[in-house]
file input.pdb (PDB, C-alpha atoms, pLDDT in the B column)
ATOM      1  CA  MET Y   1     -90.384 -24.075  21.317  1.00 90.00           C
ATOM      2  CA  LYS Y   2     -87.038 -24.462  23.063  1.00 94.00           C
ATOM      3  CA  GLN Y   3     -87.265 -25.993  26.524  1.00 96.00           C
ATOM      4  CA  ILE Y   4     -85.846 -22.879  28.197  1.00 96.00           C
ATOM      5  CA  LEU Y   5     -88.818 -20.873  26.914  1.00 96.00           C
ATOM      6  CA  ALA Y   6     -91.361 -23.595  27.621  1.00 96.00           C
ATOM      7  CA  ASP Y   7     -90.203 -23.892  31.230  1.00 96.00           C
ATOM      8  CA  TYR Y   8     -90.304 -20.154  31.728  1.00 95.00           C
ATOM      9  CA  ILE Y   9     -93.832 -19.723  30.467  1.00 94.00           C
ATOM     10  CA  GLU Y  10     -94.975 -22.754  32.493  1.00 95.00           C
ATOM     11  CA  ILE Y  11     -93.791 -20.990  35.658  1.00 94.00           C
ATOM     12  CA  CYS Y  12     -95.433 -17.723  34.695  1.00 92.00           C
ATOM     13  CA  LEU Y  13     -98.780 -19.301  33.886  1.00 91.00           C
ATOM     14  CA  LYS Y  14     -98.961 -20.729  37.397  1.00 91.00           C
ATOM     15  CA  PHE Y  15     -99.509 -17.216  38.724  1.00 86.00           C
ATOM     16  CA  ARG Y  16    -101.740 -14.261  37.985  1.00 76.00           C
ATOM     17  CA  LYS Y  17    -100.126 -11.397  36.071  1.00 75.00           C
ATOM     18  CA  GLU Y  18    -100.887  -8.880  38.810  1.00 78.00           C
ATOM     19  CA  TYR Y  19    -101.834  -8.515  42.461  1.00 84.00           C
ATOM     20  CA  LEU Y  20     -99.787 -11.433  43.740  1.00 84.00           C
ATOM     21  CA  SER Y  21     -99.615 -11.861  47.475  1.00 89.00           C
ATOM     22  CA  LYS Y  22     -96.243 -11.692  49.179  1.00 91.00           C
ATOM     23  CA  PRO Y  23     -96.028 -15.518  49.510  1.00 92.00           C
ATOM     24  CA  GLU Y  24     -96.964 -15.889  45.826  1.00 89.00           C
ATOM     25  CA  ARG Y  25     -94.299 -13.404  44.756  1.00 89.00           C
ATOM     26  CA  LYS Y  26     -91.750 -15.242  46.877  1.00 93.00           C
ATOM     27  CA  GLN Y  27     -92.722 -18.607  45.398  1.00 93.00           C
ATOM     28  CA  ARG Y  28     -92.553 -17.285  41.843  1.00 91.00           C
ATOM     29  CA  HIS Y  29     -89.149 -15.732  42.513  1.00 93.00           C
ATOM     30  CA  ILE Y  30     -87.813 -19.045  43.843  1.00 95.00           C
ATOM     31  CA  LEU Y  31     -89.035 -20.909  40.756  1.00 95.00           C
ATOM     32  CA  LEU Y  32     -87.598 -18.288  38.376  1.00 95.00           C
ATOM     33  CA  THR Y  33     -84.284 -18.308  40.204  1.00 96.00           C
ATOM     34  CA  GLU Y  34     -84.077 -22.087  39.833  1.00 96.00           C
ATOM     35  CA  TRP Y  35     -84.992 -21.718  36.142  1.00 96.00           C
ATOM     36  CA  ALA Y  36     -82.211 -19.170  35.663  1.00 95.00           C
ATOM     37  CA  LYS Y  37     -79.653 -21.645  37.042  1.00 96.00           C
ATOM     38  CA  ALA Y  38     -80.794 -24.571  34.884  1.00 95.00           C
ATOM     39  CA  GLN Y  39     -78.797 -25.850  31.908  1.00 94.00           C
ATOM     40  CA  TYR Y  40     -80.650 -26.830  28.733  1.00 93.00           C
ATOM     41  CA  VAL Y  41     -79.325 -29.485  26.381  1.00 92.00           C
ATOM     42  CA  ASP Y  42     -81.284 -28.188  23.380  1.00 90.00           C
ATOM     43  CA  GLY Y  43     -79.513 -24.821  23.623  1.00 88.00           C
ATOM     44  CA  ASN Y  44     -80.684 -21.248  23.478  1.00 91.00           C
ATOM     45  CA  PRO Y  45     -83.465 -19.972  21.219  1.00 95.00           C
ATOM     46  CA  THR Y  46     -82.612 -18.233  17.975  1.00 95.00           C
ATOM     47  CA  ILE Y  47     -83.354 -14.525  17.492  1.00 96.00           C
ATOM     48  CA  PRO Y  48     -86.408 -15.319  15.285  1.00 97.00           C
ATOM     49  CA  GLU Y  49     -87.685 -17.609  18.057  1.00 96.00           C
ATOM     50  CA  LEU Y  50     -87.234 -14.765  20.553  1.00 96.00           C
ATOM     51  CA  TYR Y  51     -89.338 -12.472  18.344  1.00 95.00           C
ATOM     52  CA  GLU Y  52     -92.107 -15.052  18.183  1.00 95.00           C
ATOM     53  CA  PHE Y  53     -92.020 -15.710  21.919  1.00 95.00           C
ATOM     54  CA  TRP Y  54     -91.874 -12.009  22.824  1.00 93.00           C
ATOM     55  CA  ASP Y  55     -94.837 -11.161  20.617  1.00 92.00           C
ATOM     56  CA  LYS Y  56     -96.919 -13.836  22.293  1.00 93.00           C
ATOM     57  CA  TYR Y  57     -95.776 -13.421  25.891  1.00 90.00           C
ATOM     58  CA  LYS Y  58     -94.338  -9.913  26.211  1.00 86.00           C
ATOM     59  CA  ASP Y  59     -96.475  -9.140  29.255  1.00 85.00           C
ATOM     60  CA  VAL Y  60     -94.661 -11.764  31.309  1.00 87.00           C
ATOM     61  CA  SER Y  61     -91.296 -11.556  29.558  1.00 84.00           C
ATOM     62  CA  TYR Y  62     -90.537  -7.983  30.587  1.00 84.00           C
ATOM     63  CA  ASN Y  63     -88.715  -9.490  33.524  1.00 89.00           C
ATOM     64  CA  LYS Y  64     -85.073  -8.962  34.537  1.00 91.00           C
ATOM     65  CA  ILE Y  65     -84.499 -12.660  35.203  1.00 94.00           C
ATOM     66  CA  PHE Y  66     -85.865 -13.657  31.800  1.00 94.00           C
ATOM     67  CA  ILE Y  67     -83.935 -10.950  29.967  1.00 95.00           C
ATOM     68  CA  GLU Y  68     -80.621 -11.888  31.597  1.00 95.00           C
ATOM     69  CA  LYS Y  69     -81.107 -15.629  31.044  1.00 95.00           C
ATOM     70  CA  ALA Y  70     -82.880 -15.931  27.706  1.00 95.00           C
ATOM     71  CA  ILE Y  71     -82.176 -12.712  25.789  1.00 96.00           C
ATOM     72  CA  VAL Y  72     -78.796 -11.237  26.704  1.00 96.00           C
ATOM     73  CA  PRO Y  73     -76.664 -14.316  25.857  1.00 96.00           C
ATOM     74  CA  ILE Y  74     -78.213 -14.639  22.372  1.00 96.00           C
ATOM     75  CA  VAL Y  75     -77.924 -10.924  21.649  1.00 97.00           C
ATOM     76  CA  ASN Y  76     -74.369 -10.833  22.973  1.00 96.00           C
ATOM     77  CA  GLU Y  77     -73.275 -13.733  20.764  1.00 96.00           C
ATOM     78  CA  ASP Y  78     -74.604 -11.952  17.679  1.00 97.00           C
ATOM     79  CA  PHE Y  79     -73.083  -8.669  18.879  1.00 96.00           C
ATOM     80  CA  GLN Y  80     -69.639 -10.212  19.392  1.00 95.00           C
ATOM     81  CA  ASN Y  81     -69.809 -11.560  15.832  1.00 95.00           C
ATOM     82  CA  GLY Y  82     -70.434  -8.064  14.483  1.00 95.00           C
ATOM     83  CA  GLY Y  83     -74.160  -8.532  13.863  1.00 96.00           C
ATOM     84  CA  ILE Y  84     -76.999  -6.143  14.618  1.00 97.00           C
ATOM     85  CA  GLU Y  85     -79.944  -8.559  14.600  1.00 97.00           C
ATOM     86  CA  GLY Y  86     -79.692  -8.956  18.365  1.00 97.00           C
ATOM     87  CA  LEU Y  87     -79.522  -5.219  18.920  1.00 97.00           C
ATOM     88  CA  LYS Y  88     -82.509  -4.740  16.652  1.00 97.00           C
ATOM     89  CA  PHE Y  89     -84.443  -7.168  18.840  1.00 96.00           C
ATOM     90  CA  LEU Y  90     -83.531  -5.192  21.983  1.00 95.00           C
ATOM     91  CA  PHE Y  91     -85.047  -2.032  20.514  1.00 94.00           C
ATOM     92  CA  TYR Y  92     -87.997  -3.988  19.139  1.00 93.00           C
ATOM     93  CA  CYS Y  93     -88.764  -5.003  22.720  1.00 91.00           C
ATOM     94  CA  LEU Y  94     -89.458  -1.335  23.497  1.00 86.00           C
ATOM     95  CA  HIS Y  95     -92.018  -1.089  20.700  1.00 73.00           C
ATOM     96  CA  GLY Y  96     -95.559  -0.645  21.845  1.00 57.00           C
ATOM     97  CA  ARG Y  97     -94.649  -0.023  25.495  1.00 49.00           C
ATOM     98  CA  ASP Y  98     -94.473   3.213  27.480  1.00 46.00           C
ATOM     99  CA  GLY Y  99     -90.836   2.293  28.028  1.00 46.00           C
ATOM    100  CA  ILE Y 100     -89.907   3.523  24.552  1.00 54.00           C
ATOM    101  CA  LYS Y 101     -90.273   7.059  25.888  1.00 54.00           C
ATOM    102  CA  TYR Y 102     -88.084   6.271  28.853  1.00 60.00           C
ATOM    103  CA  ILE Y 103     -85.649   3.369  28.683  1.00 73.00           C
ATOM    104  CA  SER Y 104     -85.845   2.089  32.248  1.00 77.00           C
ATOM    105  CA  THR Y 105     -83.135   0.156  34.061  1.00 80.00           C
ATOM    106  CA  THR Y 106     -85.201  -3.023  33.642  1.00 83.00           C
ATOM    107  CA  SER Y 107     -85.504  -2.763  29.856  1.00 88.00           C
ATOM    108  CA  PRO Y 108     -83.626  -5.256  27.641  1.00 92.00           C
ATOM    109  CA  VAL Y 109     -81.510  -2.399  26.255  1.00 93.00           C
ATOM    110  CA  SER Y 110     -80.387  -1.237  29.703  1.00 93.00           C
ATOM    111  CA  ILE Y 111     -79.747  -4.740  31.011  1.00 94.00           C
ATOM    112  CA  PHE Y 112     -77.640  -5.558  27.943  1.00 95.00           C
ATOM    113  CA  SER Y 113     -75.685  -2.334  28.444  1.00 94.00           C
ATOM    114  CA  LYS Y 114     -75.113  -3.224  32.108  1.00 93.00           C
ATOM    115  CA  THR Y 115     -73.600  -6.598  31.172  1.00 93.00           C
ATOM    116  CA  HIS Y 116     -70.977  -4.628  29.238  1.00 94.00           C
ATOM    117  CA  ASN Y 117     -70.320  -2.387  32.272  1.00 93.00           C
ATOM    118  CA  TYR Y 118     -72.128   0.449  30.475  1.00 92.00           C
ATOM    119  CA  LYS Y 119     -69.387   0.647  27.853  1.00 94.00           C
ATOM    120  CA  TYR Y 120     -72.158   1.335  25.333  1.00 93.00           C
ATOM    121  CA  SER Y 121     -74.985   3.766  26.027  1.00 92.00           C
ATOM    122  CA  SER Y 122     -78.469   3.198  24.645  1.00 92.00           C
ATOM    123  CA  ILE Y 123     -77.849   5.825  21.955  1.00 93.00           C
ATOM    124  CA  GLN Y 124     -74.529   4.231  20.991  1.00 95.00           C
ATOM    125  CA  LEU Y 125     -76.259   0.859  20.606  1.00 96.00           C
ATOM    126  CA  ALA Y 126     -78.997   2.481  18.531  1.00 95.00           C
ATOM    127  CA  ASP Y 127     -76.359   4.193  16.383  1.00 96.00           C
ATOM    128  CA  MET Y 128     -74.791   0.792  15.652  1.00 97.00           C
ATOM    129  CA  VAL Y 129     -78.134  -0.332  14.260  1.00 97.00           C
ATOM    130  CA  LEU Y 130     -78.754   2.895  12.353  1.00 96.00           C
ATOM    131  CA  GLU Y 131     -75.283   2.826  10.804  1.00 96.00           C
ATOM    132  CA  LYS Y 132     -76.277  -0.334   8.933  1.00 97.00           C
ATOM    133  CA  GLU Y 133     -80.038   0.268   8.768  1.00 97.00           C
ATOM    134  CA  PRO Y 134     -80.663   4.051   8.767  1.00 96.00           C
ATOM    135  CA  ASP Y 135     -84.439   3.593   8.616  1.00 95.00           C
ATOM    136  CA  ASN Y 136     -84.817   1.125  11.471  1.00 95.00           C
ATOM    137  CA  GLU Y 137     -87.868   2.596  13.178  1.00 93.00           C
ATOM    138  CA  ASP Y 138     -87.354   1.039  16.607  1.00 93.00           C
ATOM    139  CA  ALA Y 139     -83.796   2.381  16.924  1.00 94.00           C
ATOM    140  CA  LEU Y 140     -84.874   5.762  15.536  1.00 94.00           C
ATOM    141  CA  LYS Y 141     -87.717   6.091  18.031  1.00 92.00           C
ATOM    142  CA  ALA Y 142     -85.546   5.099  20.975  1.00 92.00           C
ATOM    143  CA  THR Y 143     -82.915   7.643  19.952  1.00 94.00           C
ATOM    144  CA  TYR Y 144     -85.589  10.272  19.441  1.00 94.00           C
ATOM    145  CA  PHE Y 145     -87.093   9.924  22.910  1.00 92.00           C
ATOM    146  CA  ILE Y 146     -83.701   9.759  24.645  1.00 92.00           C
ATOM    147  CA  MET Y 147     -82.452  12.852  22.842  1.00 94.00           C
ATOM    148  CA  LYS Y 148     -85.686  14.751  23.433  1.00 93.00           C
ATOM    149  CA  GLU Y 149     -85.402  14.105  27.149  1.00 92.00           C
ATOM    150  CA  HIS Y 150     -81.753  15.255  27.140  1.00 93.00           C
ATOM    151  CA  LEU Y 151     -82.555  18.432  25.206  1.00 95.00           C
ATOM    152  CA  TRP Y 152     -85.454  19.334  27.446  1.00 93.00           C
ATOM    153  CA  PHE Y 153     -83.385  18.678  30.571  1.00 93.00           C
ATOM    154  CA  SER Y 154     -80.561  20.902  29.293  1.00 95.00           C
ATOM    155  CA  ILE Y 155     -82.789  23.987  29.327  1.00 94.00           C
ATOM    156  CA  HIS Y 156     -85.232  23.169  32.104  1.00 91.00           C
ATOM    157  CA  GLU Y 157     -83.454  25.517  34.536  1.00 91.00           C
ATOM    158  CA  ILE Y 158     -83.662  28.565  32.287  1.00 94.00           C
ATOM    159  CA  PRO Y 159     -83.191  31.453  33.158  1.00 93.00           C
ATOM    160  CA  PHE Y 160     -80.559  30.233  35.642  1.00 93.00           C
ATOM    161  CA  GLY Y 161     -78.409  28.528  33.016  1.00 94.00           C
ATOM    162  CA  VAL Y 162     -77.935  25.735  30.464  1.00 95.00           C
ATOM    163  CA  LEU Y 163     -76.967  22.240  31.580  1.00 96.00           C
ATOM    164  CA  ASN Y 164     -74.699  19.713  29.899  1.00 94.00           C
ATOM    165  CA  GLY Y 165     -75.726  16.486  31.574  1.00 89.00           C
ATOM    166  CA  MET Y 166     -75.971  17.202  35.293  1.00 90.00           C
ATOM    167  CA  ASP Y 167     -73.396  20.012  35.147  1.00 93.00           C
ATOM    168  CA  GLY Y 168     -73.542  23.527  33.831  1.00 94.00           C
ATOM    169  CA  ALA Y 169     -72.467  23.796  30.208  1.00 96.00           C
ATOM    170  CA  ASN Y 170     -69.224  25.551  29.345  1.00 96.00           C
ATOM    171  CA  ILE Y 171     -68.115  27.242  26.149  1.00 97.00           C
ATOM    172  CA  SER Y 172     -66.369  24.155  24.782  1.00 96.00           C
ATOM    173  CA  ASN Y 173     -69.570  22.055  25.194  1.00 97.00           C
ATOM    174  CA  ILE Y 174     -71.754  24.222  22.976  1.00 97.00           C
ATOM    175  CA  PRO Y 175     -70.629  23.000  19.502  1.00 97.00           C
ATOM    176  CA  ASN Y 176     -71.432  19.367  20.369  1.00 97.00           C
ATOM    177  CA  MET Y 177     -74.699  20.401  21.989  1.00 97.00           C
ATOM    178  CA  LEU Y 178     -75.723  22.266  18.844  1.00 98.00           C
ATOM    179  CA  SER Y 179     -74.782  19.205  16.784  1.00 97.00           C
ATOM    180  CA  SER Y 180     -77.083  17.147  19.008  1.00 97.00           C
ATOM    181  CA  VAL Y 181     -79.929  19.519  18.183  1.00 97.00           C
ATOM    182  CA  ASP Y 182     -79.235  19.033  14.470  1.00 97.00           C
ATOM    183  CA  LYS Y 183     -79.249  15.245  14.914  1.00 96.00           C
ATOM    184  CA  PHE Y 184     -82.482  15.385  16.887  1.00 96.00           C
ATOM    185  CA  GLN Y 185     -84.138  17.516  14.219  1.00 97.00           C
ATOM    186  CA  ALA Y 186     -83.061  15.109  11.482  1.00 96.00           C
ATOM    187  CA  ILE Y 187     -84.526  12.148  13.390  1.00 95.00           C
ATOM    188  CA  SER Y 188     -87.708  14.078  14.168  1.00 95.00           C
ATOM    189  CA  ASN Y 189     -88.102  14.858  10.465  1.00 95.00           C
ATOM    190  CA  LYS Y 190     -87.455  11.253   9.481  1.00 95.00           C
ATOM    191  CA  LEU Y 191     -90.134  10.072  11.900  1.00 93.00           C
ATOM    192  CA  LYS Y 192     -92.447  12.832  10.578  1.00 93.00           C
ATOM    193  CA  ILE Y 193     -93.024  14.317  14.024  1.00 91.00           C
ATOM    194  CA  ASP Y 194     -94.161  17.897  13.675  1.00 86.00           C
ATOM    195  CA  ASN Y 195     -94.391  19.245  17.237  1.00 88.00           C
ATOM    196  CA  ASP Y 196     -90.710  19.701  18.100  1.00 92.00           C
ATOM    197  CA  GLU Y 197     -90.117  23.108  16.537  1.00 92.00           C
ATOM    198  CA  ILE Y 198     -90.321  25.068  19.789  1.00 92.00           C
ATOM    199  CA  LEU Y 199     -87.907  22.784  21.652  1.00 93.00           C
ATOM    200  CA  ILE Y 200     -85.437  22.829  18.747  1.00 95.00           C
ATOM    201  CA  GLU Y 201     -85.584  26.596  18.365  1.00 95.00           C
ATOM    202  CA  ASP Y 202     -85.284  27.206  22.105  1.00 94.00           C
ATOM    203  CA  CYS Y 203     -82.309  24.873  22.474  1.00 96.00           C
ATOM    204  CA  ARG Y 204     -80.454  26.599  19.661  1.00 97.00           C
ATOM    205  CA  ARG Y 205     -81.330  30.055  21.006  1.00 96.00           C
ATOM    206  CA  PHE Y 206     -80.368  29.331  24.609  1.00 97.00           C
ATOM    207  CA  TYR Y 207     -77.208  27.357  23.758  1.00 97.00           C
ATOM    208  CA  VAL Y 208     -75.866  30.220  21.650  1.00 97.00           C
ATOM    209  CA  ALA Y 209     -76.989  32.792  24.208  1.00 97.00           C
ATOM    210  CA  TYR Y 210     -75.320  30.906  27.046  1.00 97.00           C
ATOM    211  CA  ARG Y 211     -72.052  30.709  25.106  1.00 97.00           C
ATOM    212  CA  GLU Y 212     -72.155  34.445  24.472  1.00 97.00           C
ATOM    213  CA  TYR Y 213     -72.988  35.067  28.126  1.00 97.00           C
ATOM    214  CA  LEU Y 214     -70.024  32.980  29.294  1.00 97.00           C
ATOM    215  CA  GLN Y 215     -67.733  34.836  26.903  1.00 97.00           C
ATOM    216  CA  GLN Y 216     -68.618  38.134  28.586  1.00 95.00           C
ATOM    217  CA  VAL Y 217     -69.799  36.975  31.993  1.00 94.00           C
ATOM    218  CA  ASP Y 218     -68.286  39.988  33.790  1.00 95.00           C
ATOM    219  CA  ARG Y 219     -70.768  42.298  32.072  1.00 96.00           C
ATOM    220  CA  TYR Y 220     -73.853  40.693  33.626  1.00 96.00           C
ATOM    221  CA  SER Y 221     -74.984  39.807  37.119  1.00 95.00           C
ATOM    222  CA  ASP Y 222     -76.238  36.412  35.919  1.00 94.00           C
ATOM    223  CA  PHE Y 223     -77.695  34.650  32.863  1.00 95.00           C
ATOM    224  CA  GLU Y 224     -81.172  36.011  33.545  1.00 94.00           C
ATOM    225  CA  ASP Y 225     -79.716  39.507  33.415  1.00 95.00           C
ATOM    226  CA  TYR Y 226     -78.135  38.649  30.043  1.00 96.00           C
ATOM    227  CA  LEU Y 227     -81.446  37.366  28.675  1.00 96.00           C
ATOM    228  CA  ASN Y 228     -83.338  40.416  29.847  1.00 95.00           C
ATOM    229  CA  LYS Y 229     -80.827  42.916  28.483  1.00 96.00           C
ATOM    230  CA  ASN Y 230     -80.690  41.138  25.123  1.00 96.00           C
ATOM    231  CA  ASN Y 231     -84.472  40.803  24.839  1.00 95.00           C
ATOM    232  CA  ILE Y 232     -84.416  36.995  24.730  1.00 94.00           C
ATOM    233  CA  PRO Y 233     -87.779  35.635  26.003  1.00 91.00           C
ATOM    234  CA  TYR Y 234     -87.745  32.781  28.486  1.00 89.00           C
ATOM    235  CA  GLU Y 235     -91.121  33.027  30.227  1.00 83.00           C
ATOM    236  CA  ARG Y 236     -92.273  29.538  29.265  1.00 78.00           C
ATOM    237  CA  TYR Y 237     -89.479  28.086  31.393  1.00 74.00           C
ATOM    238  CA  CYS Y 238     -90.444  29.974  34.547  1.00 68.00           C
ATOM    239  CA  SER Y 239     -92.420  28.135  37.210  1.00 52.00           C
ATOM    240  CA  THR Y 240     -94.951  30.972  37.333  1.00 44.00           C
ATOM    241  CA  TYR Y 241     -95.678  30.434  33.640  1.00 43.00           C
ATOM    242  CA  TYR Y 242     -96.582  26.792  34.205  1.00 40.00           C
ATOM    243  CA  TYR Y 243     -98.504  27.600  37.385  1.00 39.00           C
ATOM    244  CA  GLU Y 244    -100.645  30.176  35.597  1.00 44.00           C
ATOM    245  CA  LYS Y 245    -101.109  27.854  32.586  1.00 43.00           C
ATOM    246  CA  GLU Y 246    -102.235  24.940  34.778  1.00 41.00           C
ATOM    247  CA  ASN Y 247    -104.635  27.157  36.738  1.00 45.00           C
ATOM    248  CA  LYS Y 248    -106.103  28.475  33.502  1.00 47.00           C
ATOM    249  CA  GLN Y 249    -106.644  24.937  32.217  1.00 43.00           C
ATOM    250  CA  ASP Y 250    -108.229  23.875  35.522  1.00 41.00           C
ATOM    251  CA  ASN Y 251    -110.612  26.826  35.420  1.00 44.00           C
ATOM    252  CA  GLN Y 252    -111.675  25.973  31.880  1.00 45.00           C
ATOM    253  CA  GLN Y 253    -112.586  22.413  32.787  1.00 40.00           C
TER     254      GLN Y 253
END
call {"tool": "encode", "arguments": {"input": "input.pdb", "output": "structure tokens"}}
result
Amino acid sequence: MKQILADYIEICLKFRKEYLSKPERKQRHILLTEWAKAQYVDGNPTIPELYEFWDKYKDVSYNKIFIEKAIVPIVNEDFQNGGIEGLKFLFYCLHGRDGIKYISTTSPVSIFSKTHNYKYSSIQLADMVLEKEPDNEDALKATYFIMKEHLWFSIHEIPFGVLNGMDGANISNIPNMLSSVDKFQAISNKLKIDNDEILIEDCRRFYVAYREYLQQVDRYSDFEDYLNKNNIPYERYCSTYYYEKENKQDNQQ
């Protein structure tokens, strides 16, 4: 084991994994900060060594200081040389954690992206992997969960409107948004996930409906009026629908 990894795990093993007191957290932070500044004559670990270390110590390695010091430089060197092995490791780090459903700001993927001033999004990094390895499961799953969250968010304010990011969608956005639905469906099929049909159908229906509404906006008081007059159901997106559903479930328990 490279000395940089041995020193890190030696620090971590001095403390409990959880429920540290404030003085203990402060002491650990001081030691990790000193570790992050140290120079090691035997160099950085290889990507295979990172896999081995992560598998054994992932509970204590999901740490911003460790990721910035021990992971990002190795991944970045491979990335700058046109490789994808480092990127594959970043997405592998999400495997088996709740974080694969939500790539947090402390994940290896996000921290790597930050070091590049967010020039590359998580999906763009995953696409670089999938371009060379279309069946890479870790990159596929990360893309799947990111896209699912984006799709759901885009229609979560129905019947008030469709969002594109944080803003309301406009007519020119719809073709790319529909393409995103197609991409999501293809990934869902590849991963053999069979419970996305409603989301996919609703996104397509509402995206097209919102485009048509915007093309003739003067004819309707708002998007809800358009949906009602064109007999397009949207009840599942109303707060009353979820309130009644939750109450029904509570009463059955």
call {"tool": "resolve_selection", "arguments": {"input": "input.pdb", "expression": "the PyMOL selection byres ((chain Y and resi 196) around 12)", "output": "list in words"}}
result
Tyr144, Phe145, Met147, Lys148, Glu149, Leu151, Trp152, Val181, Phe184, Gln185, Ala186, Ile187, Ser188, Asn189, Leu191, Lys192, Ile193, Asp194, Asn195, Glu197, Ile198, Leu199, Ile200, Glu201, Asp202 and Cys203 of chain Y
call {"tool": "atom_distance", "arguments": {"input": "input.pdb", "atom1": "CA of Met177 in chain Y", "atom2": "CA of Val162 in chain Y"}}
result
10.5 Å
call {"tool": "atom_distance", "arguments": {"input": "input.pdb", "atom1": "CA of Tyr92 in chain Y", "atom2": "CA of Lys183 in chain Y"}}
result
21.5 Å
call {"tool": "residues_around", "arguments": {"input": "input.pdb", "residues": "Ala209 in chain Y", "least_positions_apart": "6", "cutoff": "9 Å", "atoms": "all atoms listed in the file", "output": "list in words"}}
result
Phe223, Tyr226, Leu227 and Ile232 of chain Y
call {"tool": "residues_around", "arguments": {"input": "input.pdb", "residues": "range 33-42 of chain Y", "least_positions_apart": "6", "cutoff": "8 Å", "atoms": "only C-alpha atoms", "output": "number ranges by chain"}}
result
Y: 2-4, 7-8, 65-66, 69
call {"tool": "atom_distance", "arguments": {"input": "input.pdb", "atom1": "CA of Lys58 in chain Y", "atom2": "CA of Tyr118 in chain Y"}}
result
24.9 Å
call {"tool": "residues_around", "arguments": {"input": "input.pdb", "residues": "Pro159 in chain Y", "least_positions_apart": "3", "cutoff": "9 Å", "atoms": "only C-alpha atoms", "output": "PyMOL selection string"}}
result
chain Y and resi 155-156+162+222-225+227+234-235+237-238
call {"tool": "resolve_selection", "arguments": {"input": "input.pdb", "expression": "the PyMOL selection byres ((chain Y and resi 168) around 12)", "output": "list in words"}}
result
Phe153, Ser154, Ile155, His156, Glu157, Ile158, Phe160, Gly161, Val162, Leu163, Asn164, Gly165, Met166, Asp167, Ala169, Asn170, Ile171, Ser172, Asn173, Ile174, Tyr207, Tyr210, Arg211, Leu214 and Phe223 of chain Y
call {"tool": "closest_atom_pairs", "arguments": {"input": "input.pdb", "of": "range 129-228 of chain Y", "to": "range 76-89 of chain Y", "cutoff": "8 Å", "atoms": "only C-alpha atoms", "output": "CSV"}}
result
residue,atom,partner,partner_atom,distance
Y:Val129,CA,Y:Ile84,CA,5.9
Y:Asp138,CA,Y:Lys88,CA,7.5
Y:Ala139,CA,Y:Lys88,CA,7.2
call {"tool": "closest_residue", "arguments": {"input": "input.pdb", "among": "Y:Asn228, Y:Leu5, Y:Asp59, Y:Phe53", "to": "Glu18 in chain Y", "atoms": "all atoms listed in the file"}}
result
Y:Asp59
call {"tool": "closest_residue", "arguments": {"input": "input.pdb", "among": "Y:Ala6, Y:Ile74, Y:Leu90, Y:Leu31", "to": "Ile111 in chain Y", "atoms": "only C-alpha atoms"}}
result
Y:Leu90
call {"tool": "residues_near_point", "arguments": {"input": "input.pdb", "point": "(-79.7, 3.0, 15.8)", "cutoff": "9 Å", "atoms": "all atoms listed in the file", "output": "PDB file with C-alpha atoms, in the coordinates of the input"}}
result
ATOM      1  CA  LEU Y  87     -79.522  -5.219  18.920  1.00 97.00           C
ATOM      2  CA  LYS Y  88     -82.509  -4.740  16.652  1.00 97.00           C
ATOM      3  CA  PHE Y  91     -85.047  -2.032  20.514  1.00 94.00           C
ATOM      4  CA  SER Y 122     -78.469   3.198  24.645  1.00 92.00           C
ATOM      5  CA  ILE Y 123     -77.849   5.825  21.955  1.00 93.00           C
ATOM      6  CA  GLN Y 124     -74.529   4.231  20.991  1.00 95.00           C
ATOM      7  CA  LEU Y 125     -76.259   0.859  20.606  1.00 96.00           C
ATOM      8  CA  ALA Y 126     -78.997   2.481  18.531  1.00 95.00           C
ATOM      9  CA  ASP Y 127     -76.359   4.193  16.383  1.00 96.00           C
ATOM     10  CA  MET Y 128     -74.791   0.792  15.652  1.00 97.00           C
ATOM     11  CA  VAL Y 129     -78.134  -0.332  14.260  1.00 97.00           C
ATOM     12  CA  LEU Y 130     -78.754   2.895  12.353  1.00 96.00           C
ATOM     13  CA  GLU Y 131     -75.283   2.826  10.804  1.00 96.00           C
ATOM     14  CA  LYS Y 132     -76.277  -0.334   8.933  1.00 97.00           C
ATOM     15  CA  GLU Y 133     -80.038   0.268   8.768  1.00 97.00           C
ATOM     16  CA  PRO Y 134     -80.663   4.051   8.767  1.00 96.00           C
ATOM     17  CA  ASP Y 135     -84.439   3.593   8.616  1.00 95.00           C
ATOM     18  CA  ASN Y 136     -84.817   1.125  11.471  1.00 95.00           C
ATOM     19  CA  GLU Y 137     -87.868   2.596  13.178  1.00 93.00           C
ATOM     20  CA  ASP Y 138     -87.354   1.039  16.607  1.00 93.00           C
ATOM     21  CA  ALA Y 139     -83.796   2.381  16.924  1.00 94.00           C
ATOM     22  CA  LEU Y 140     -84.874   5.762  15.536  1.00 94.00           C
ATOM     23  CA  LYS Y 141     -87.717   6.091  18.031  1.00 92.00           C
ATOM     24  CA  ALA Y 142     -85.546   5.099  20.975  1.00 92.00           C
ATOM     25  CA  THR Y 143     -82.915   7.643  19.952  1.00 94.00           C
TER      26      THR Y 143
END
call {"tool": "closest_residue", "arguments": {"input": "input.pdb", "among": "Y:Gln27, Y:Val60, Y:Pro73, Y:Leu32", "to": "Ile47 in chain Y", "atoms": "only C-alpha atoms"}}
result
Y:Pro73
